[in-house]
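*Asks:* model.pdb is the file, holding PDB, C-alpha atoms:
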```pdb
MODEL        1
ATOM      1  CA  MET P   1     109.190 113.880 115.083  1.00  0.00           C
ATOM      2  CA  GLU P   2     106.756 115.231 117.664  1.00  0.00           C
ATOM      3  CA  ALA P   3     104.812 118.457 117.955  1.00  0.00           C
ATOM      4  CA  THR P   4     101.844 119.782 119.896  1.00  0.00           C
ATOM      5  CA  VAL P   5      99.422 121.665 117.656  1.00  0.00           C
ATOM      6  CA  ASN P   6      96.239 123.227 119.055  1.00  0.00           C
ATOM      7  CA  GLY P   7      96.525 121.022 122.128  1.00  0.00           C
ATOM      8  CA  ILE P   8      96.935 117.787 120.125  1.00  0.00           C
ATOM      9  CA  ARG P   9     100.220 115.890 120.395  1.00  0.00           C
ATOM     10  CA  ILE P  10     101.275 114.482 117.015  1.00  0.00           C
ATOM     11  CA  CYS P  11     104.035 111.933 116.682  1.00  0.00           C
ATOM     12  CA  CYS P  12     105.101 111.296 113.089  1.00  0.00           C
ATOM     13  CA  LEU P  13     107.232 108.216 112.501  1.00  0.00           C
ATOM     14  CA  TYR P  14     108.822 105.903 109.995  1.00  0.00           C
ATOM     15  CA  LEU P  15     109.251 102.422 111.410  1.00  0.00           C
ATOM     16  CA  PRO P  16     112.031 100.310 109.831  1.00  0.00           C
ATOM     17  CA  ASN P  17     111.056  97.804 107.141  1.00  0.00           C
ATOM     18  CA  GLY P  18     112.884  94.883 108.772  1.00  0.00           C
ATOM     19  CA  ASN P  19     113.569  92.708 105.734  1.00  0.00           C
ATOM     20  CA  PRO P  20     114.930  90.196 105.294  1.00  0.00           C
ATOM     21  CA  ALA P  21     113.343  88.354 108.177  1.00  0.00           C
ATOM     22  CA  PRO P  22     114.629  86.696 110.208  1.00  0.00           C
ATOM     23  CA  GLY P  23     117.921  88.521 110.476  1.00  0.00           C
ATOM     24  CA  PRO P  24     119.619  91.608 111.924  1.00  0.00           C
ATOM     25  CA  LYS P  25     117.294  94.057 110.148  1.00  0.00           C
ATOM     26  CA  PHE P  26     114.259  92.268 111.549  1.00  0.00           C
ATOM     27  CA  ASP P  27     115.775  92.228 115.028  1.00  0.00           C
ATOM     28  CA  TYR P  28     116.392  95.970 114.690  1.00  0.00           C
ATOM     29  CA  LYS P  29     112.759  96.520 113.654  1.00  0.00           C
ATOM     30  CA  LEU P  30     111.464  94.669 116.730  1.00  0.00           C
ATOM     31  CA  ALA P  31     113.876  96.526 119.036  1.00  0.00           C
ATOM     32  CA  TRP P  32     112.760  99.837 117.479  1.00  0.00           C
ATOM     33  CA  PHE P  33     109.134  98.849 118.082  1.00  0.00           C
ATOM     34  CA  LYS P  34     109.921  98.035 121.713  1.00  0.00           C
ATOM     35  CA  ARG P  35     111.559 101.447 122.252  1.00  0.00           C
ATOM     36  CA  PHE P  36     108.633 103.156 120.564  1.00  0.00           C
ATOM     37  CA  HIS P  37     106.202 101.247 122.801  1.00  0.00           C
ATOM     38  CA  HIS P  38     107.935 102.814 125.818  1.00  0.00           C
ATOM     39  CA  ARG P  39     107.836 106.274 124.196  1.00  0.00           C
ATOM     40  CA  ALA P  40     104.120 105.889 123.450  1.00  0.00           C
ATOM     41  CA  LYS P  41     103.521 105.122 127.149  1.00  0.00           C
ATOM     42  CA  GLU P  42     105.355 108.327 128.084  1.00  0.00           C
ATOM     43  CA  LEU P  43     103.293 110.321 125.589  1.00  0.00           C
ATOM     44  CA  LEU P  44     100.056 108.945 127.023  1.00  0.00           C
ATOM     45  CA  GLU P  45     101.063 110.348 130.420  1.00  0.00           C
ATOM     46  CA  LEU P  46     100.824 113.877 128.950  1.00  0.00           C
ATOM     47  CA  LYS P  47      97.015 113.508 129.081  1.00  0.00           C
ATOM     48  CA  LEU P  48      96.645 115.211 125.687  1.00  0.00           C
ATOM     49  CA  PRO P  49      94.858 114.010 122.582  1.00  0.00           C
ATOM     50  CA  LEU P  50      97.583 111.916 120.929  1.00  0.00           C
ATOM     51  CA  VAL P  51      98.040 110.893 117.302  1.00  0.00           C
ATOM     52  CA  LEU P  52     100.718 108.429 116.185  1.00  0.00           C
ATOM     53  CA  VAL P  53     101.010 108.682 112.416  1.00  0.00           C
ATOM     54  CA  GLY P  54     103.261 107.401 109.683  1.00  0.00           C
ATOM     55  CA  ASP P  55     104.630 104.467 107.776  1.00  0.00           C
ATOM     56  CA  PHE P  56     104.596 101.740 110.402  1.00  0.00           C
ATOM     57  CA  ASN P  57     105.676  99.100 107.859  1.00  0.00           C
ATOM     58  CA  VAL P  58     103.071  96.799 109.412  1.00  0.00           C
ATOM     59  CA  ILE P  59     100.267  94.916 107.670  1.00  0.00           C
ATOM     60  CA  PRO P  60      97.964  94.503 110.691  1.00  0.00           C
ATOM     61  CA  ALA P  61      95.545  91.915 109.271  1.00  0.00           C
ATOM     62  CA  GLU P  62      94.897  89.768 106.231  1.00  0.00           C
ATOM     63  CA  ALA P  63      92.288  92.295 105.077  1.00  0.00           C
ATOM     64  CA  ASP P  64      95.104  94.837 104.771  1.00  0.00           C
ATOM     65  CA  ALA P  65      96.944  92.985 102.005  1.00  0.00           C
ATOM     66  CA  TYR P  66      96.080  91.961  98.494  1.00  0.00           C
ATOM     67  CA  LYS P  67      96.850  88.230  98.546  1.00  0.00           C
ATOM     68  CA  PRO P  68      98.022  88.063 102.181  1.00  0.00           C
ATOM     69  CA  GLU P  69      99.415  84.556 101.658  1.00  0.00           C
ATOM     70  CA  ARG P  70     102.261  86.153  99.689  1.00  0.00           C
ATOM     71  CA  TRP P  71     103.363  88.136 102.748  1.00  0.00           C
ATOM     72  CA  VAL P  72     103.544  85.403 105.398  1.00  0.00           C
ATOM     73  CA  ASN P  73     107.348  85.477 105.677  1.00  0.00           C
ATOM     74  CA  ASP P  74     107.769  89.205 105.112  1.00  0.00           C
ATOM     75  CA  ALA P  75     108.823  91.416 108.040  1.00  0.00           C
ATOM     76  CA  LEU P  76     105.729  93.578 107.509  1.00  0.00           C
ATOM     77  CA  PHE P  77     103.352  90.674 108.174  1.00  0.00           C
ATOM     78  CA  ARG P  78     105.253  88.304 110.459  1.00  0.00           C
ATOM     79  CA  PRO P  79     103.468  87.380 113.706  1.00  0.00           C
ATOM     80  CA  GLU P  80     106.085  89.208 115.797  1.00  0.00           C
ATOM     81  CA  THR P  81     105.494  92.447 113.889  1.00  0.00           C
ATOM     82  CA  ARG P  82     101.736  92.187 114.079  1.00  0.00           C
ATOM     83  CA  ALA P  83     101.948  91.384 117.808  1.00  0.00           C
ATOM     84  CA  ALA P  84     104.103  94.480 118.397  1.00  0.00           C
ATOM     85  CA  PHE P  85     101.522  96.611 116.565  1.00  0.00           C
ATOM     86  CA  GLU P  86      98.689  95.064 118.591  1.00  0.00           C
ATOM     87  CA  GLY P  87     100.705  95.683 121.775  1.00  0.00           C
ATOM     88  CA  LEU P  88     100.941  99.339 120.858  1.00  0.00           C
ATOM     89  CA  LYS P  89      97.195  99.494 120.260  1.00  0.00           C
ATOM     90  CA  ALA P  90      96.594  97.729 123.592  1.00  0.00           C
ATOM     91  CA  LEU P  91      98.126 100.718 125.375  1.00  0.00           C
ATOM     92  CA  GLY P  92      94.959 102.582 124.418  1.00  0.00           C
ATOM     93  CA  PHE P  93      95.177 103.416 120.720  1.00  0.00           C
ATOM     94  CA  THR P  94      92.596 102.958 117.979  1.00  0.00           C
ATOM     95  CA  ASP P  95      93.347 102.532 114.278  1.00  0.00           C
ATOM     96  CA  ALA P  96      91.476 105.535 112.798  1.00  0.00           C
ATOM     97  CA  LEU P  97      91.011 104.165 109.276  1.00  0.00           C
ATOM     98  CA  ARG P  98      89.668 100.806 110.474  1.00  0.00           C
ATOM     99  CA  HIS P  99      87.531 102.466 113.133  1.00  0.00           C
ATOM    100  CA  LEU P 100      85.616 104.449 110.514  1.00  0.00           C
ATOM    101  CA  ASN P 101      85.832 101.831 107.719  1.00  0.00           C
ATOM    102  CA  PRO P 102      85.823  98.429 109.420  1.00  0.00           C
ATOM    103  CA  ASP P 103      85.050  96.338 106.336  1.00  0.00           C
ATOM    104  CA  ALA P 104      86.453  98.459 103.503  1.00  0.00           C
ATOM    105  CA  VAL P 105      89.334  97.449 101.262  1.00  0.00           C
ATOM    106  CA  ILE P 106      91.900 100.122 102.098  1.00  0.00           C
ATOM    107  CA  TYR P 107      95.460 100.236 100.799  1.00  0.00           C
ATOM    108  CA  THR P 108      98.087 102.935 101.280  1.00  0.00           C
ATOM    109  CA  TYR P 109     100.977 101.361  99.348  1.00  0.00           C
ATOM    110  CA  TRP P 110     101.309  99.784  95.906  1.00  0.00           C
ATOM    111  CA  ASP P 111     104.569  98.380  94.560  1.00  0.00           C
ATOM    112  CA  TYR P 112     105.908  99.835  91.310  1.00  0.00           C
ATOM    113  CA  PHE P 113     106.067  96.361  89.733  1.00  0.00           C
ATOM    114  CA  ARG P 114     103.439  94.265  87.946  1.00  0.00           C
ATOM    115  CA  ASP P 115     101.037  97.214  87.546  1.00  0.00           C
ATOM    116  CA  ALA P 116     100.116  96.865  91.237  1.00  0.00           C
ATOM    117  CA  TYR P 117      98.375 100.228  91.494  1.00  0.00           C
ATOM    118  CA  ASN P 118      96.098  99.713  88.502  1.00  0.00           C
ATOM    119  CA  ARG P 119      95.219  96.214  89.760  1.00  0.00           C
ATOM    120  CA  ASN P 120      94.673  97.591  93.296  1.00  0.00           C
ATOM    121  CA  ALA P 121      97.148  94.986  94.555  1.00  0.00           C
ATOM    122  CA  GLY P 122      98.227  96.958  97.582  1.00  0.00           C
ATOM    123  CA  LEU P 123      98.972  96.962 101.281  1.00  0.00           C
ATOM    124  CA  ARG P 124      97.825  99.077 104.204  1.00  0.00           C
ATOM    125  CA  ILE P 125     101.025  99.949 106.054  1.00  0.00           C
ATOM    126  CA  ASP P 126     100.519 103.653 106.829  1.00  0.00           C
ATOM    127  CA  HIS P 127      98.453 104.271 109.933  1.00  0.00           C
ATOM    128  CA  PHE P 128      96.913 106.831 112.276  1.00  0.00           C
ATOM    129  CA  LEU P 129      96.677 105.509 115.833  1.00  0.00           C
ATOM    130  CA  LEU P 130      94.653 107.710 118.184  1.00  0.00           C
ATOM    131  CA  ASN P 131      94.298 107.645 121.951  1.00  0.00           C
ATOM    132  CA  ASP P 132      90.773 107.967 123.367  1.00  0.00           C
ATOM    133  CA  SER P 133      90.982 111.769 123.625  1.00  0.00           C
ATOM    134  CA  ALA P 134      91.961 112.109 119.963  1.00  0.00           C
ATOM    135  CA  LEU P 135      89.442 109.461 118.927  1.00  0.00           C
ATOM    136  CA  SER P 136      86.648 111.571 120.421  1.00  0.00           C
ATOM    137  CA  LEU P 137      87.683 114.329 117.961  1.00  0.00           C
ATOM    138  CA  LEU P 138      87.816 112.090 114.888  1.00  0.00           C
ATOM    139  CA  GLN P 139      85.451 113.216 112.132  1.00  0.00           C
ATOM    140  CA  SER P 140      86.752 111.476 109.019  1.00  0.00           C
ATOM    141  CA  ALA P 141      89.693 109.512 107.621  1.00  0.00           C
ATOM    142  CA  GLY P 142      90.798 108.310 104.238  1.00  0.00           C
ATOM    143  CA  VAL P 143      93.467 107.781 101.628  1.00  0.00           C
ATOM    144  CA  HIS P 144      94.030 109.964  98.576  1.00  0.00           C
ATOM    145  CA  THR P 145      94.582 106.913  96.385  1.00  0.00           C
ATOM    146  CA  GLN P 146      94.509 108.885  93.144  1.00  0.00           C
ATOM    147  CA  VAL P 147      97.837 110.516  94.071  1.00  0.00           C
ATOM    148  CA  ARG P 148      99.542 107.135  93.727  1.00  0.00           C
ATOM    149  CA  GLY P 149      98.489 107.125  90.065  1.00  0.00           C
ATOM    150  CA  TRP P 150     100.309 110.355  89.249  1.00  0.00           C
ATOM    151  CA  GLU P 151     103.443 110.192  87.112  1.00  0.00           C
ATOM    152  CA  LYS P 152     106.700 109.739  89.087  1.00  0.00           C
ATOM    153  CA  THR P 153     104.873 109.631  92.424  1.00  0.00           C
ATOM    154  CA  SER P 154     105.630 107.805  95.643  1.00  0.00           C
ATOM    155  CA  ASP P 155     104.625 104.165  96.062  1.00  0.00           C
ATOM    156  CA  HIS P 156     102.551 105.373  99.063  1.00  0.00           C
ATOM    157  CA  ALA P 157      99.375 107.440  98.877  1.00  0.00           C
ATOM    158  CA  PRO P 158      98.650 110.225 101.388  1.00  0.00           C
ATOM    159  CA  VAL P 159      96.598 109.080 104.370  1.00  0.00           C
ATOM    160  CA  TRP P 160      94.605 111.717 106.236  1.00  0.00           C
ATOM    161  CA  ILE P 161      92.250 112.294 109.150  1.00  0.00           C
ATOM    162  CA  THR P 162      90.065 115.198 110.219  1.00  0.00           C
ATOM    163  CA  LEU P 163      89.866 116.063 113.911  1.00  0.00           C
ATOM    164  CA  GLN P 164      87.346 118.558 115.236  1.00  0.00           C
ATOM    165  CA  PRO P 165      88.466 120.022 118.599  1.00  0.00           C
TER     166      PRO P 165
ENDMDL
END
```
Output the structure of this file as C-alpha cells.

*Replies:*
Amino acid sequence: MEATVNGIRICCLYLPNGNPAPGPKFDYKLAWFKRFHHRAKELLELKLPLVLVGDFNVIPAEADAYKPERWVNDALFRPETRAAFEGLKALGFTDALRHLNPDAVIYTYWDYFRDAYNRNAGLRIDHFLLNDSALSLLQSAGVHTQVRGWEKTSDHAPVWITLQP
C-alpha cells in the first residue's frame, strides 16, 4: 500500500516469509523481492522523501537475531534473502532503527513458544528504510516492545519513527 502524506511517500509492505527454503515458497519470496526492487527504483524517481516500512521477513545481520546460528537455513536469514535486502538498501535506503541505534539489541518479533518474549529471544524483521530525503527528517525511532507482552497480542511489536518536515 502506498500513500503520500504531507509530501512524504510511504510504502507499507508485507514481504512473504518464504519457508521452507529452498522450495517454491522461497523462490516466490525472492521473485517478490526482485519485483519490489524495481518498484522501489520507480518510487525513488518521484524525488520525494520515501519511507519503505513493514514486515520484510528479513533478519539483516547476526545482531538482529537471538542465537543467529539457529536461523542459518531459514528463509528469513538465508544469504539470498539478506543479499536482496542489501540490494534494496544499495539503491539509496538507510535502515532507520540501525542508523540511530547501531549497537543496540533491537527485536521486533518474538515467537509464542518457549517464553521467547520474556527471555528476549527475538528477531528484528520489521524495518523502516528511508531514502536520503526522508533520512534528513528522521528525529527518532524505536520499538514499543511492551506491547508484545500484552495478553493475546501479536507476535510483533509496533515499530515507529518520528520525522520532522

*Asks:* Compile the contact shell of Val58 in chain P as a ChimeraX atom specification: residues with an atom at most 7 Å away, counting all atoms listed in the file, same-chain residues fewer than 4 positions apart removed.

*Replies:* /P:76-77,81-82,125

*Asks:* I need the residue set behind the PyMOL selection byres ((chain P and resi 98) around 12) for this file; please write it as a list of chain:residue names.

*Replies:*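 Evaluating the PyMOL selection byres ((chain P and resi 98) around 12) on these coordinates yields P:Pro60, P:Ala61, P:Ala63, P:Asp64, P:Phe93, P:Thr94, P:Asp95, P:Ala96, P:Leu97, P:His99, P:Leu100, P:Asn101, P:Pro102, P:Asp103, P:Ala104, P:Val105, P:Ile106, P:Tyr107, P:Arg124, P:Asp126, P:His127, P:Phe128, P:Leu129, P:Leu130, P:Ser140, P:Ala141, P:Gly142, P:Val143, P:Ile161.
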
*Asks:* Once the PyMOL selection byres ((chain P and resi 19) around 12) has been evaluated on this model, what residues remain selected, and can you format them as a list in words?

*Replies:*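 So the PyMOL selection byres ((chain P and resi 19) around 12), applied here, picks out Pro16, Asn17, Gly18, Pro20, Ala21, Pro22, Gly23, Pro24, Lys25, Phe26, Asp27, Tyr28, Lys29, Leu30, Asn57, Val58, Trp71, Asn73, Asp74, Ala75, Leu76, Phe77, Arg78 and Thr81 of chain P.
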
*Asks:* With all atoms listed in the file as the atoms that count, which of P:Leu91, P:Ile8, P:Leu13, P:Leu138 lies nearest to Trp160 in chain P?

*Replies:*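 The closest residue to Trp160 in chain P is P:Leu138.
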
*Asks:* Apply the PyMOL selection byres ((chain P and resi 66) around 6) to the displayed file and report the matching residues as a PyMOL selection string.

*Replies:* chain P and resi 65+67-68+121-122

*Asks:* Those same residues, written as an mmCIF file, in the frame of the given file with C-alpha atoms?

*Replies:*
```cif
data_model
loop_
_atom_site.group_PDB
_atom_site.id
_atom_site.type_symbol
_atom_site.label_atom_id
_atom_site.label_comp_id
_atom_site.auth_asym_id
_atom_site.auth_seq_id
_atom_site.Cartn_x
_atom_site.Cartn_y
_atom_site.Cartn_z
ATOM 1 C CA ALA P 65 96.944 92.985 102.005
ATOM 2 C CA LYS P 67 96.850 88.230 98.546
ATOM 3 C CA PRO P 68 98.022 88.063 102.181
ATOM 4 C CA ALA P 121 97.148 94.986 94.555
ATOM 5 C CA GLY P 122 98.227 96.958 97.582
#
```

*Asks:* So, with all atoms listed in the file as the atoms that count, which of P:Arg114, P:Lys47, P:His144, P:Lys34 lies closest to Ala83 in chain P?

*Replies:*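 Closest to Ala83 in chain P of all the choices is P:Lys34.
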
*Asks:* I'd like the interatomic distance between CA of Phe36 in chain P and CA of Gln139 in chain P, to a tenth of an Å.

*Replies:*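 Computed distance, CA of Phe36 in chain P to CA of Gln139 in chain P, equals 26.6 Å.
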
*Asks:* One decimal, Å: what's the distance from CA of Asn6 in chain P over to CA of Glu45 in chain P, could you say?

*Replies:*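 CA of Glu45 in chain P lies 17.8 Å from CA of Asn6 in chain P.
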
*Asks:* Just give me the gap between CA of Tyr14 in chain P and CA of Thr153 in chain P in Å, one decimal is fine.

*Replies:*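 Going from CA of Tyr14 in chain P over to CA of Thr153 in chain P, I get 18.4 Å.
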
*Asks:* Name the residues in contact with Ile10 in chain P at a cut-off of 6 Å, using all atoms listed in the file, excluding same-chain residues fewer than 5 positions from it; report them as a compact mmCIF listing (two decimals) with C-alpha atoms, in the frame of the given file.

*Replies:*
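That gives us out36.txt:
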```txt
# COMPACT_ATOMS: atom_id res chain seq x y z
CA GLU P 2 106.76 115.23 117.66
CA ALA P 3 104.81 118.46 117.96
CA LEU P 50 97.58 111.92 120.93
CA VAL P 51 98.04 110.89 117.30
```

*Asks:* Check the smallest atom-to-atom distance from each of P:Tyr112, P:Leu123, P:Lys41, P:Ser133 to Lys152 in chain P using all atoms listed in the file, then report the winner.

*Replies:*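 The shortest atom-to-atom distance to Lys152 in chain P comes from P:Tyr112.
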
*Asks:* Any idea what's packed within 9 Å of Gly149 in chain P, counting all atoms listed in the file, ignoring anything in its chain fewer than 4 positions away? Could you give it as a CSV table (one decimal) with C-alpha atoms, keeping the file's coordinate frame?

*Replies:*
```csv
chain,number,residue,atom,x,y,z
P,117,TYR,CA,98.4,100.2,91.5
P,118,ASN,CA,96.1,99.7,88.5
P,145,THR,CA,94.6,106.9,96.4
P,153,THR,CA,104.9,109.6,92.4
P,157,ALA,CA,99.4,107.4,98.9
```

*Asks:* Go through P:Gly7, P:Thr162, P:Glu80, P:Arg39 one by one, measure the shortest atom-to-atom distance of each to Leu135 in chain P using only C-alpha atoms, and give the residue with the smallest value.

*Replies:*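 Closest residue, counting only C-alpha atoms: P:Thr162.
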
*Asks:* Will you give me range 75-95 of chain P, written with N, CA, C and O atoms and laid out as a PDB file, in the first residue's frame?

*Replies:*
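Printed below is result-v9.pdb as written:
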```pdb
ATOM      1  N   ALA P  75      14.447 -19.092   5.717  1.00  0.00           N
ATOM      2  CA  ALA P  75      14.287 -18.138   4.610  1.00  0.00           C
ATOM      3  C   ALA P  75      14.528 -16.695   5.039  1.00  0.00           C
ATOM      4  O   ALA P  75      14.941 -15.867   4.229  1.00  0.00           O
ATOM      5  N   LEU P  76      14.301 -16.380   6.310  1.00  0.00           N
ATOM      6  CA  LEU P  76      14.480 -15.022   6.797  1.00  0.00           C
ATOM      7  C   LEU P  76      15.950 -14.608   6.902  1.00  0.00           C
ATOM      8  O   LEU P  76      16.252 -13.420   6.925  1.00  0.00           O
ATOM      9  N   PHE P  77      16.838 -15.611   6.960  1.00  0.00           N
ATOM     10  CA  PHE P  77      18.254 -15.326   7.228  1.00  0.00           C
ATOM     11  C   PHE P  77      19.190 -15.874   6.159  1.00  0.00           C
ATOM     12  O   PHE P  77      20.393 -15.675   6.216  1.00  0.00           O
ATOM     13  N   ARG P  78      18.638 -16.569   5.177  1.00  0.00           N
ATOM     14  CA  ARG P  78      19.490 -17.149   4.129  1.00  0.00           C
ATOM     15  C   ARG P  78      20.267 -16.045   3.402  1.00  0.00           C
ATOM     16  O   ARG P  78      19.806 -14.902   3.299  1.00  0.00           O
ATOM     17  N   PRO P  79      21.438 -16.384   2.884  1.00  0.00           N
ATOM     18  CA  PRO P  79      22.261 -15.380   2.187  1.00  0.00           C
ATOM     19  C   PRO P  79      21.523 -14.681   1.040  1.00  0.00           C
ATOM     20  O   PRO P  79      21.705 -13.478   0.826  1.00  0.00           O
ATOM     21  N   GLU P  80      20.685 -15.421   0.314  1.00  0.00           N
ATOM     22  CA  GLU P  80      19.962 -14.823  -0.807  1.00  0.00           C
ATOM     23  C   GLU P  80      18.995 -13.734  -0.323  1.00  0.00           C
ATOM     24  O   GLU P  80      18.849 -12.691  -0.976  1.00  0.00           O
ATOM     25  N   THR P  81      18.346 -13.994   0.804  1.00  0.00           N
ATOM     26  CA  THR P  81      17.403 -13.029   1.364  1.00  0.00           C
ATOM     27  C   THR P  81      18.127 -11.783   1.851  1.00  0.00           C
ATOM     28  O   THR P  81      17.721 -10.652   1.568  1.00  0.00           O
ATOM     29  N   ARG P  82      19.208 -12.009   2.571  1.00  0.00           N
ATOM     30  CA  ARG P  82      19.977 -10.885   3.096  1.00  0.00           C
ATOM     31  C   ARG P  82      20.580 -10.068   1.959  1.00  0.00           C
ATOM     32  O   ARG P  82      20.633  -8.832   2.018  1.00  0.00           O
ATOM     33  N   ALA P  83      21.021 -10.733   0.890  1.00  0.00           N
ATOM     34  CA  ALA P  83      21.572 -10.027  -0.269  1.00  0.00           C
ATOM     35  C   ALA P  83      20.496  -9.185  -0.955  1.00  0.00           C
ATOM     36  O   ALA P  83      20.766  -8.058  -1.392  1.00  0.00           O
ATOM     37  N   ALA P  84      19.277  -9.705  -1.042  1.00  0.00           N
ATOM     38  CA  ALA P  84      18.181  -8.941  -1.648  1.00  0.00           C
ATOM     39  C   ALA P  84      17.877  -7.696  -0.817  1.00  0.00           C
ATOM     40  O   ALA P  84      17.641  -6.611  -1.365  1.00  0.00           O
ATOM     41  N   PHE P  85      17.903  -7.828   0.496  1.00  0.00           N
ATOM     42  CA  PHE P  85      17.679  -6.689   1.391  1.00  0.00           C
ATOM     43  C   PHE P  85      18.807  -5.661   1.225  1.00  0.00           C
ATOM     44  O   PHE P  85      18.546  -4.460   1.114  1.00  0.00           O
ATOM     45  N   GLU P  86      20.039  -6.131   1.184  1.00  0.00           N
ATOM     46  CA  GLU P  86      21.175  -5.226   0.984  1.00  0.00           C
ATOM     47  C   GLU P  86      21.104  -4.555  -0.382  1.00  0.00           C
ATOM     48  O   GLU P  86      21.468  -3.381  -0.519  1.00  0.00           O
ATOM     49  N   GLY P  87      20.629  -5.280  -1.399  1.00  0.00           N
ATOM     50  CA  GLY P  87      20.456  -4.691  -2.729  1.00  0.00           C
ATOM     51  C   GLY P  87      19.436  -3.570  -2.724  1.00  0.00           C
ATOM     52  O   GLY P  87      19.621  -2.551  -3.403  1.00  0.00           O
ATOM     53  N   LEU P  88      18.390  -3.745  -1.949  1.00  0.00           N
ATOM     54  CA  LEU P  88      17.387  -2.695  -1.799  1.00  0.00           C
ATOM     55  C   LEU P  88      18.005  -1.478  -1.120  1.00  0.00           C
ATOM     56  O   LEU P  88      17.841  -0.346  -1.579  1.00  0.00           O
ATOM     57  N   LYS P  89      18.746  -1.705  -0.056  1.00  0.00           N
ATOM     58  CA  LYS P  89      19.414  -0.598   0.632  1.00  0.00           C
ATOM     59  C   LYS P  89      20.400   0.106  -0.291  1.00  0.00           C
ATOM     60  O   LYS P  89      20.534   1.334  -0.252  1.00  0.00           O
ATOM     61  N   ALA P  90      21.081  -0.647  -1.143  1.00  0.00           N
ATOM     62  CA  ALA P  90      22.084  -0.079  -2.047  1.00  0.00           C
ATOM     63  C   ALA P  90      21.481   0.898  -3.060  1.00  0.00           C
ATOM     64  O   ALA P  90      22.204   1.714  -3.642  1.00  0.00           O
ATOM     65  N   LEU P  91      20.176   0.831  -3.259  1.00  0.00           N
ATOM     66  CA  LEU P  91      19.524   1.797  -4.141  1.00  0.00           C
ATOM     67  C   LEU P  91      19.574   3.202  -3.557  1.00  0.00           C
ATOM     68  O   LEU P  91      19.387   4.180  -4.270  1.00  0.00           O
ATOM     69  N   GLY P  92      19.787   3.278  -2.233  1.00  0.00           N
ATOM     70  CA  GLY P  92      19.846   4.577  -1.573  1.00  0.00           C
ATOM     71  C   GLY P  92      18.966   4.657  -0.342  1.00  0.00           C
ATOM     72  O   GLY P  92      18.445   5.734  -0.029  1.00  0.00           O
ATOM     73  N   PHE P  93      18.796   3.529   0.342  1.00  0.00           N
ATOM     74  CA  PHE P  93      17.972   3.495   1.548  1.00  0.00           C
ATOM     75  C   PHE P  93      18.824   3.222   2.780  1.00  0.00           C
ATOM     76  O   PHE P  93      19.814   2.490   2.716  1.00  0.00           O
ATOM     77  N   THR P  94      18.394   3.787   3.896  1.00  0.00           N
ATOM     78  CA  THR P  94      19.061   3.592   5.180  1.00  0.00           C
ATOM     79  C   THR P  94      18.072   2.966   6.147  1.00  0.00           C
ATOM     80  O   THR P  94      16.904   3.371   6.211  1.00  0.00           O
ATOM     81  N   ASP P  95      18.539   2.004   6.906  1.00  0.00           N
ATOM     82  CA  ASP P  95      17.765   1.324   7.941  1.00  0.00           C
ATOM     83  C   ASP P  95      17.663   2.274   9.138  1.00  0.00           C
ATOM     84  O   ASP P  95      18.647   2.513   9.843  1.00  0.00           O
TER      85      ASP P  95
END
```
